[in-house]
Amino acid sequence: MIYLIKGRIHSVETMGTVDGPGIRYVIFTQGCPLRCVYCHNRDAWDPRGGRETTVEEILEDIARYLPFYKNSGGGVTATGGEPALQAEFVEELFSEVKNRFGLNTALDTAGFAEISKTEGLLRVTDLVLLSIKHIDEIKHKEITGVGTSRILAFMEYLKEINKPVWIRFVVIPGLTDDYEDIRRLAQFLKGFPNIQLIDILPYHTLGEYKWEELGLEYPLKGTPEPDKETIRKVKQVFREQGFSISED
Ligand code: SF4
């Protein structure tokens, strides 16, 4: 089969263990419409960056490690950047990943996506890993540069089509660790029965060097990583609302 749609990717990881169930082939797509102040992939923002690739090239690479994905109940995850920006390319890739290998597919997205452009992609996506940055509109804009309305519409659509979702939430001291805000978020998420799991991620500074390499000042310079007690309390807020929480 000849695949005509080309994609731009930042990189791949062949033995991913944190982006969905089992061992996974993780594709970091290039380009992101958000401007998160803590972005750990700052070099993935520019849609003209990265390198061009084809579905066939990625499928050949996946085939080399297939037993790991099959035997672990794993699969393929598209992350970024924002994979929904290249919805047609990822749709074609996921479609063939399922047809050829029978693997599970996961889309790791911030949800800032046009529904009309992602319907096809979501049909071949088994699991959505949805990264929610903040429940409050103003704080969301401060953190990401965009408002929440498009993301909320995307969430409603995922509910409508009953798509399994894991929510990812990054705890950042001074930005997203207010317990009242987190309680509001947890209560809001209760309205989405398609949410299977909450993944609480402590903020880390591992991506800071990428800003510096690009000659940019890291916006959160000096922000500490959250302590264990804060993470425990955040998890507890979600547990109180009846959610399952992913283990470390
Ligand atoms: S959505 Fe992800 S890749 Fe895009 S700016 Fe935010 S953290 Fe970075």
# chains A, B, ... in the order shown; residues from 1 in each chain; ligands from 1
$ residues_near_ligand --ligand "ligand 1" --cutoff "7 Å" --atoms "only C-alpha atoms and all ligand atoms" --output "MDAnalysis selection string"
chainID A and resid 32:36 38:42 44:45 80:82 110 144
$ write_last_selection --atoms "C-alpha atoms" --output "short mmCIF file (atom, residue, chain, number, x, y, z; two decimals), in the first residue's frame"
data_model
loop_
_atom_site.label_atom_id
_atom_site.label_comp_id
_atom_site.auth_asym_id
_atom_site.auth_seq_id
_atom_site.Cartn_x
_atom_site.Cartn_y
_atom_site.Cartn_z
CA CYS A 32 1.96 22.63 18.96
CA PRO A 33 -0.60 25.47 19.11
CA LEU A 34 -0.24 25.84 22.89
CA ARG A 35 2.48 27.79 24.70
CA CYS A 36 2.73 26.09 28.07
CA TYR A 38 6.46 24.58 31.71
CA CYS A 39 6.69 22.85 28.32
CA HIS A 40 9.20 20.01 28.46
CA ASN A 41 9.27 19.79 24.65
CA ARG A 42 9.88 23.42 23.74
CA ALA A 44 8.51 20.63 19.34
CA TRP A 45 6.47 23.85 18.98
CA GLY A 80 3.94 15.82 20.87
CA GLY A 81 3.87 18.58 20.33
CA GLU A 82 0.21 18.18 19.51
CA ALA A 110 -4.07 18.74 25.08
CA THR A 144 -0.98 27.76 28.03
#
$ residues_around --residues "Val170 in chain A" --least-positions-apart "6" --cutoff "8 Å" --atoms "only C-alpha atoms" --output "list in words"
Lys133, Thr176, Ile200, Leu201, Pro202 and Tyr203 of chain A
$ write_last_selection --atoms "C-alpha atoms" --output "JSON list (two decimals), in the first residue's frame"
[["chain", "number", "residue", "atom", "x", "y", "z"],
["A", 133, "LYS", "CA", -3.73, 22.11, 32.43],
["A", 176, "THR", "CA", -1.72, 24.29, 39.62],
["A", 200, "ILE", "CA", -1.10, 12.84, 38.45],
["A", 201, "LEU", "CA", 2.27, 14.03, 37.20],
["A", 202, "PRO", "CA", 4.66, 15.98, 39.42],
["A", 203, "TYR", "CA", 6.15, 18.97, 37.60]]
$ closest_residue --among "A:Leu185, A:Leu107, A:Glu137, A:Arg64" --to "Lys163 in chain A" --atoms "only C-alpha atoms"
A:Leu107
$ select_by_dssp --residues "range 135-171 of chain A" --states "helix (DSSP H, G or I)" --output "list in words"
Glu137, Ile138, Lys139, His140, Lys141, Glu142, Ile143, Thr144, Ser149, Arg150, Ile151, Leu152, Ala153, Phe154, Met155, Glu156, Tyr157, Leu158, Lys159 and Glu160 of chain A
$ write_last_selection --atoms "N, CA and C atoms" --output "PDB file, in the first residue's frame"
ATOM      1  N   GLU A 137     -10.455  29.369  33.628  1.00  0.00           N
ATOM      2  CA  GLU A 137     -10.214  29.949  32.309  1.00  0.00           C
ATOM      3  C   GLU A 137      -9.015  30.907  32.289  1.00  0.00           C
ATOM      4  N   ILE A 138      -8.965  31.805  33.264  1.00  0.00           N
ATOM      5  CA  ILE A 138      -7.895  32.822  33.264  1.00  0.00           C
ATOM      6  C   ILE A 138      -6.537  32.172  33.540  1.00  0.00           C
ATOM      7  N   LYS A 139      -6.522  31.277  34.523  1.00  0.00           N
ATOM      8  CA  LYS A 139      -5.248  30.614  34.842  1.00  0.00           C
ATOM      9  C   LYS A 139      -4.815  29.705  33.686  1.00  0.00           C
ATOM     10  N   HIS A 140      -5.795  29.107  33.031  1.00  0.00           N
ATOM     11  CA  HIS A 140      -5.475  28.245  31.880  1.00  0.00           C
ATOM     12  C   HIS A 140      -4.769  29.059  30.797  1.00  0.00           C
ATOM     13  N   LYS A 141      -5.302  30.262  30.584  1.00  0.00           N
ATOM     14  CA  LYS A 141      -4.699  31.136  29.566  1.00  0.00           C
ATOM     15  C   LYS A 141      -3.294  31.555  29.969  1.00  0.00           C
ATOM     16  N   GLU A 142      -3.133  31.835  31.257  1.00  0.00           N
ATOM     17  CA  GLU A 142      -1.795  32.231  31.747  1.00  0.00           C
ATOM     18  C   GLU A 142      -0.785  31.107  31.524  1.00  0.00           C
ATOM     19  N   ILE A 143      -1.231  29.885  31.728  1.00  0.00           N
ATOM     20  CA  ILE A 143      -0.305  28.742  31.652  1.00  0.00           C
ATOM     21  C   ILE A 143      -0.046  28.311  30.211  1.00  0.00           C
ATOM     22  N   THR A 144      -1.100  28.369  29.371  1.00  0.00           N
ATOM     23  CA  THR A 144      -0.985  27.756  28.031  1.00  0.00           C
ATOM     24  C   THR A 144      -1.067  28.741  26.870  1.00  0.00           C
ATOM     25  N   SER A 149     -12.421  26.857  26.020  1.00  0.00           N
ATOM     26  CA  SER A 149     -13.681  26.497  25.349  1.00  0.00           C
ATOM     27  C   SER A 149     -13.505  25.371  24.312  1.00  0.00           C
ATOM     28  N   ARG A 150     -12.463  25.430  23.516  1.00  0.00           N
ATOM     29  CA  ARG A 150     -12.282  24.399  22.497  1.00  0.00           C
ATOM     30  C   ARG A 150     -11.980  23.030  23.152  1.00  0.00           C
ATOM     31  N   ILE A 151     -11.246  23.082  24.245  1.00  0.00           N
ATOM     32  CA  ILE A 151     -10.897  21.836  24.957  1.00  0.00           C
ATOM     33  C   ILE A 151     -12.156  21.225  25.586  1.00  0.00           C
ATOM     34  N   LEU A 152     -12.997  22.089  26.146  1.00  0.00           N
ATOM     35  CA  LEU A 152     -14.242  21.590  26.758  1.00  0.00           C
ATOM     36  C   LEU A 152     -15.140  20.957  25.704  1.00  0.00           C
ATOM     37  N   ALA A 153     -15.213  21.580  24.533  1.00  0.00           N
ATOM     38  CA  ALA A 153     -16.027  21.018  23.441  1.00  0.00           C
ATOM     39  C   ALA A 153     -15.464  19.658  23.019  1.00  0.00           C
ATOM     40  N   PHE A 154     -14.152  19.553  22.983  1.00  0.00           N
ATOM     41  CA  PHE A 154     -13.492  18.287  22.622  1.00  0.00           C
ATOM     42  C   PHE A 154     -13.824  17.213  23.667  1.00  0.00           C
ATOM     43  N   MET A 155     -13.804  17.604  24.928  1.00  0.00           N
ATOM     44  CA  MET A 155     -14.139  16.649  25.994  1.00  0.00           C
ATOM     45  C   MET A 155     -15.576  16.167  25.870  1.00  0.00           C
ATOM     46  N   GLU A 156     -16.473  17.107  25.562  1.00  0.00           N
ATOM     47  CA  GLU A 156     -17.884  16.732  25.394  1.00  0.00           C
ATOM     48  C   GLU A 156     -18.039  15.734  24.260  1.00  0.00           C
ATOM     49  N   TYR A 157     -17.284  15.963  23.200  1.00  0.00           N
ATOM     50  CA  TYR A 157     -17.358  15.049  22.052  1.00  0.00           C
ATOM     51  C   TYR A 157     -16.841  13.658  22.446  1.00  0.00           C
ATOM     52  N   LEU A 158     -15.763  13.603  23.203  1.00  0.00           N
ATOM     53  CA  LEU A 158     -15.227  12.311  23.644  1.00  0.00           C
ATOM     54  C   LEU A 158     -16.261  11.573  24.499  1.00  0.00           C
ATOM     55  N   LYS A 159     -16.979  12.344  25.284  1.00  0.00           N
ATOM     56  CA  LYS A 159     -18.040  11.725  26.101  1.00  0.00           C
ATOM     57  C   LYS A 159     -19.149  11.184  25.198  1.00  0.00           C
ATOM     58  N   GLU A 160     -19.524  11.998  24.236  1.00  0.00           N
ATOM     59  CA  GLU A 160     -20.609  11.623  23.315  1.00  0.00           C
ATOM     60  C   GLU A 160     -20.301  10.302  22.595  1.00  0.00           C
TER      61      GLU A 160
END
$ closest_residue --among "A:Glu247, A:Glu240, A:Glu212, A:Glu225" --to "Gly174 in chain A" --atoms "only C-alpha atoms"
A:Glu225
$ atom_distance --atom1 "CA of Ala106 in chain A" --atom2 "CA of Thr53 in chain A"
19.4 Å
$ atom_distance --atom1 "CA of Ser131 in chain A" --atom2 "CA of Thr54 in chain A"
26.5 Å
$ atom_distance --atom1 "CA of Phe68 in chain A" --atom2 "CA of Ile23 in chain A"
6.5 Å
$ closest_residue --among "A:Pro173, A:Gly73, A:Gly7, A:Gly102" --to "Glu56 in chain A" --atoms "only C-alpha atoms"
A:Gly7
$ closest_residue --among "A:Glu217, A:Asp43, A:Asp61, A:Glu91" --to "Glu13 in chain A" --atoms "only C-alpha atoms"
A:Asp61
$ residues_around --residues "Lys70 in chain A" --least-positions-apart "4" --cutoff "12 Å" --atoms "only C-alpha atoms" --output "ChimeraX atom specification"
/A:21-25,62-66,74-76,97-98,101-104
$ write_last_selection --atoms "N, CA and C atoms" --output "PDB file, in the first residue's frame"
ATOM      1  N   PRO A  21      -1.040   1.971  28.385  1.00  0.00           N
ATOM      2  CA  PRO A  21      -0.768   0.650  28.962  1.00  0.00           C
ATOM      3  C   PRO A  21       0.393  -0.078  28.279  1.00  0.00           C
ATOM      4  N   GLY A  22       1.108  -0.903  29.051  1.00  0.00           N
ATOM      5  CA  GLY A  22       2.160  -1.760  28.509  1.00  0.00           C
ATOM      6  C   GLY A  22       3.353  -0.993  27.971  1.00  0.00           C
ATOM      7  N   ILE A  23       4.164  -1.723  27.192  1.00  0.00           N
ATOM      8  CA  ILE A  23       5.322  -1.088  26.536  1.00  0.00           C
ATOM      9  C   ILE A  23       4.837  -0.509  25.212  1.00  0.00           C
ATOM     10  N   ARG A  24       5.291   0.723  24.884  1.00  0.00           N
ATOM     11  CA  ARG A  24       4.711   1.408  23.725  1.00  0.00           C
ATOM     12  C   ARG A  24       5.773   2.048  22.833  1.00  0.00           C
ATOM     13  N   TYR A  25       5.433   2.075  21.568  1.00  0.00           N
ATOM     14  CA  TYR A  25       6.195   2.856  20.596  1.00  0.00           C
ATOM     15  C   TYR A  25       5.584   4.258  20.635  1.00  0.00           C
ATOM     16  N   ILE A  62       8.261   0.101  13.871  1.00  0.00           N
ATOM     17  CA  ILE A  62       7.433  -0.561  14.898  1.00  0.00           C
ATOM     18  C   ILE A  62       7.593  -2.078  14.793  1.00  0.00           C
ATOM     19  N   ALA A  63       7.639  -2.589  13.562  1.00  0.00           N
ATOM     20  CA  ALA A  63       7.707  -4.041  13.331  1.00  0.00           C
ATOM     21  C   ALA A  63       8.943  -4.664  13.986  1.00  0.00           C
ATOM     22  N   ARG A  64      10.008  -3.887  14.131  1.00  0.00           N
ATOM     23  CA  ARG A  64      11.249  -4.407  14.711  1.00  0.00           C
ATOM     24  C   ARG A  64      11.087  -4.757  16.197  1.00  0.00           C
ATOM     25  N   TYR A  65      10.158  -4.099  16.867  1.00  0.00           N
ATOM     26  CA  TYR A  65      10.010  -4.292  18.317  1.00  0.00           C
ATOM     27  C   TYR A  65       8.666  -4.930  18.693  1.00  0.00           C
ATOM     28  N   LEU A  66       7.965  -5.438  17.705  1.00  0.00           N
ATOM     29  CA  LEU A  66       6.584  -5.889  17.882  1.00  0.00           C
ATOM     30  C   LEU A  66       6.360  -6.807  19.090  1.00  0.00           C
ATOM     31  N   GLY A  74       0.841  -3.634  25.236  1.00  0.00           N
ATOM     32  CA  GLY A  74       1.142  -2.236  24.889  1.00  0.00           C
ATOM     33  C   GLY A  74       0.602  -1.835  23.533  1.00  0.00           C
ATOM     34  N   GLY A  75       1.313  -0.946  22.867  1.00  0.00           N
ATOM     35  CA  GLY A  75       0.828  -0.463  21.581  1.00  0.00           C
ATOM     36  C   GLY A  75       1.609   0.747  21.105  1.00  0.00           C
ATOM     37  N   VAL A  76       0.885   1.651  20.464  1.00  0.00           N
ATOM     38  CA  VAL A  76       1.512   2.830  19.861  1.00  0.00           C
ATOM     39  C   VAL A  76       0.824   4.083  20.404  1.00  0.00           C
ATOM     40  N   VAL A  97      -1.607   0.566  11.995  1.00  0.00           N
ATOM     41  CA  VAL A  97      -1.093  -0.093  13.203  1.00  0.00           C
ATOM     42  C   VAL A  97      -2.099  -1.136  13.683  1.00  0.00           C
ATOM     43  N   LYS A  98      -3.376  -0.810  13.560  1.00  0.00           N
ATOM     44  CA  LYS A  98      -4.421  -1.746  13.981  1.00  0.00           C
ATOM     45  C   LYS A  98      -4.588  -2.873  12.954  1.00  0.00           C
ATOM     46  N   PHE A 101      -0.897  -4.830  12.676  1.00  0.00           N
ATOM     47  CA  PHE A 101      -0.305  -5.427  13.877  1.00  0.00           C
ATOM     48  C   PHE A 101      -1.332  -5.751  14.966  1.00  0.00           C
ATOM     49  N   GLY A 102      -2.532  -5.200  14.842  1.00  0.00           N
ATOM     50  CA  GLY A 102      -3.548  -5.431  15.878  1.00  0.00           C
ATOM     51  C   GLY A 102      -3.185  -4.809  17.214  1.00  0.00           C
ATOM     52  N   LEU A 103      -2.460  -3.691  17.168  1.00  0.00           N
ATOM     53  CA  LEU A 103      -2.014  -3.061  18.415  1.00  0.00           C
ATOM     54  C   LEU A 103      -2.986  -1.987  18.892  1.00  0.00           C
ATOM     55  N   ASN A 104      -2.934  -1.738  20.179  1.00  0.00           N
ATOM     56  CA  ASN A 104      -3.698  -0.669  20.815  1.00  0.00           C
ATOM     57  C   ASN A 104      -3.108   0.694  20.400  1.00  0.00           C
TER      58      ASN A 104
END
$ residues_around --residues "Thr118 in chain A" --least-positions-apart "3" --cutoff "6 Å" --atoms "only C-alpha atoms" --output "number ranges by chain"
A: 87, 115, 121
$ residues_around --residues "Val128 in chain A" --least-positions-apart "4" --cutoff "10 Å" --atoms "only C-alpha atoms" --output "JSON list (two decimals) with N, CA, C and O atoms, in the first residue's frame"
[["chain", "number", "residue", "atom", "x", "y", "z"],
["A", 20, "GLY", "N", 0.46, 5.33, 28.34],
["A", 20, "GLY", "CA", -0.57, 4.33, 28.02],
["A", 20, "GLY", "C", -0.16, 2.98, 28.56],
["A", 20, "GLY", "O", 0.92, 2.82, 29.15],
["A", 77, "THR", "N", 1.63, 5.06, 20.80],
["A", 77, "THR", "CA", 1.10, 6.34, 21.30],
["A", 77, "THR", "C", 1.64, 7.48, 20.44],
["A", 77, "THR", "O", 2.83, 7.53, 20.15],
["A", 78, "ALA", "N", 0.73, 8.37, 20.04],
["A", 78, "ALA", "CA", 1.15, 9.61, 19.37],
["A", 78, "ALA", "C", 1.06, 10.73, 20.40],
["A", 78, "ALA", "O", 0.01, 10.94, 21.01],
["A", 105, "THR", "N", -3.97, 1.70, 20.23],
["A", 105, "THR", "CA", -3.50, 3.03, 19.84],
["A", 105, "THR", "C", -3.94, 4.07, 20.87],
["A", 105, "THR", "O", -5.08, 4.03, 21.35],
["A", 106, "ALA", "N", -3.05, 4.98, 21.20],
["A", 106, "ALA", "CA", -3.37, 6.03, 22.17],
["A", 106, "ALA", "C", -2.94, 7.39, 21.64],
["A", 106, "ALA", "O", -1.87, 7.53, 21.04],
["A", 107, "LEU", "N", -3.81, 8.37, 21.85],
["A", 107, "LEU", "CA", -3.56, 9.74, 21.42],
["A", 107, "LEU", "C", -3.35, 10.60, 22.65],
["A", 107, "LEU", "O", -4.27, 10.76, 23.46],
["A", 108, "ASP", "N", -2.15, 11.13, 22.81],
["A", 108, "ASP", "CA", -1.84, 11.99, 23.95],
["A", 108, "ASP", "C", -1.98, 13.43, 23.47],
["A", 108, "ASP", "O", -1.16, 13.93, 22.70],
["A", 109, "THR", "N", -3.02, 14.11, 23.95],
["A", 109, "THR", "CA", -3.37, 15.42, 23.39],
["A", 109, "THR", "C", -3.73, 16.42, 24.49],
["A", 109, "THR", "O", -4.16, 16.02, 25.58],
["A", 110, "ALA", "N", -3.59, 17.70, 24.17],
["A", 110, "ALA", "CA", -4.07, 18.74, 25.08],
["A", 110, "ALA", "C", -5.54, 19.06, 24.78],
["A", 110, "ALA", "O", -6.14, 19.89, 25.46],
["A", 111, "GLY", "N", -6.10, 18.45, 23.76],
["A", 111, "GLY", "CA", -7.53, 18.61, 23.47],
["A", 111, "GLY", "C", -7.89, 19.90, 22.76],
["A", 111, "GLY", "O", -9.07, 20.19, 22.55],
["A", 122, "LEU", "N", -10.11, 9.81, 15.75],
["A", 122, "LEU", "CA", -10.65, 9.22, 16.98],
["A", 122, "LEU", "C", -11.29, 7.86, 16.74],
["A", 122, "LEU", "O", -11.33, 7.02, 17.63],
["A", 158, "LEU", "N", -15.76, 13.60, 23.20],
["A", 158, "LEU", "CA", -15.23, 12.31, 23.64],
["A", 158, "LEU", "C", -16.26, 11.57, 24.50],
["A", 158, "LEU", "O", -16.39, 10.35, 24.41],
["A", 163, "LYS", "N", -15.54, 7.57, 24.28],
["A", 163, "LYS", "CA", -14.13, 7.21, 24.07],
["A", 163, "LYS", "C", -13.42, 7.12, 25.41],
["A", 163, "LYS", "O", -13.46, 8.07, 26.21],
["A", 164, "PRO", "N", -12.75, 6.01, 25.71],
["A", 164, "PRO", "CA", -12.00, 5.90, 26.96],
["A", 164, "PRO", "C", -10.94, 7.00, 27.08],
["A", 164, "PRO", "O", -10.20, 7.25, 26.12],
["A", 165, "VAL", "N", -10.90, 7.64, 28.24],
["A", 165, "VAL", "CA", -9.97, 8.76, 28.46],
["A", 165, "VAL", "C", -9.20, 8.55, 29.77],
["A", 165, "VAL", "O", -9.79, 8.15, 30.77],
["A", 166, "TRP", "N", -7.91, 8.80, 29.73],
["A", 166, "TRP", "CA", -7.11, 8.97, 30.94],
["A", 166, "TRP", "C", -6.77, 10.45, 31.01],
["A", 166, "TRP", "O", -6.26, 11.02, 30.05],
["A", 167, "ILE", "N", -7.07, 11.05, 32.16],
["A", 167, "ILE", "CA", -6.73, 12.46, 32.34],
["A", 167, "ILE", "C", -5.32, 12.57, 32.92],
["A", 167, "ILE", "O", -4.96, 11.83, 33.84],
["A", 195, "ILE", "N", -14.16, 8.74, 31.55],
["A", 195, "ILE", "CA", -12.82, 8.87, 32.15],
["A", 195, "ILE", "C", -12.54, 7.63, 33.00],
["A", 195, "ILE", "O", -13.28, 7.31, 33.92]]
$ select_by_dssp --residues "range 65-230 of chain A" --states "strand (DSSP E)" --output "MDAnalysis selection string"
chainID A and resid 75:79 104:109 127:131 165:171 195:202
$ closest_residue --among "A:Ser244, A:Asn71, A:Ser95, A:Thr223" --to "Lys190 in chain A" --atoms "only C-alpha atoms"
A:Ser244
$ closest_residue --among "A:Leu127, A:Leu214, A:Ile135, A:Ala186" --to "Asn162 in chain A" --atoms "only C-alpha atoms"
A:Leu127
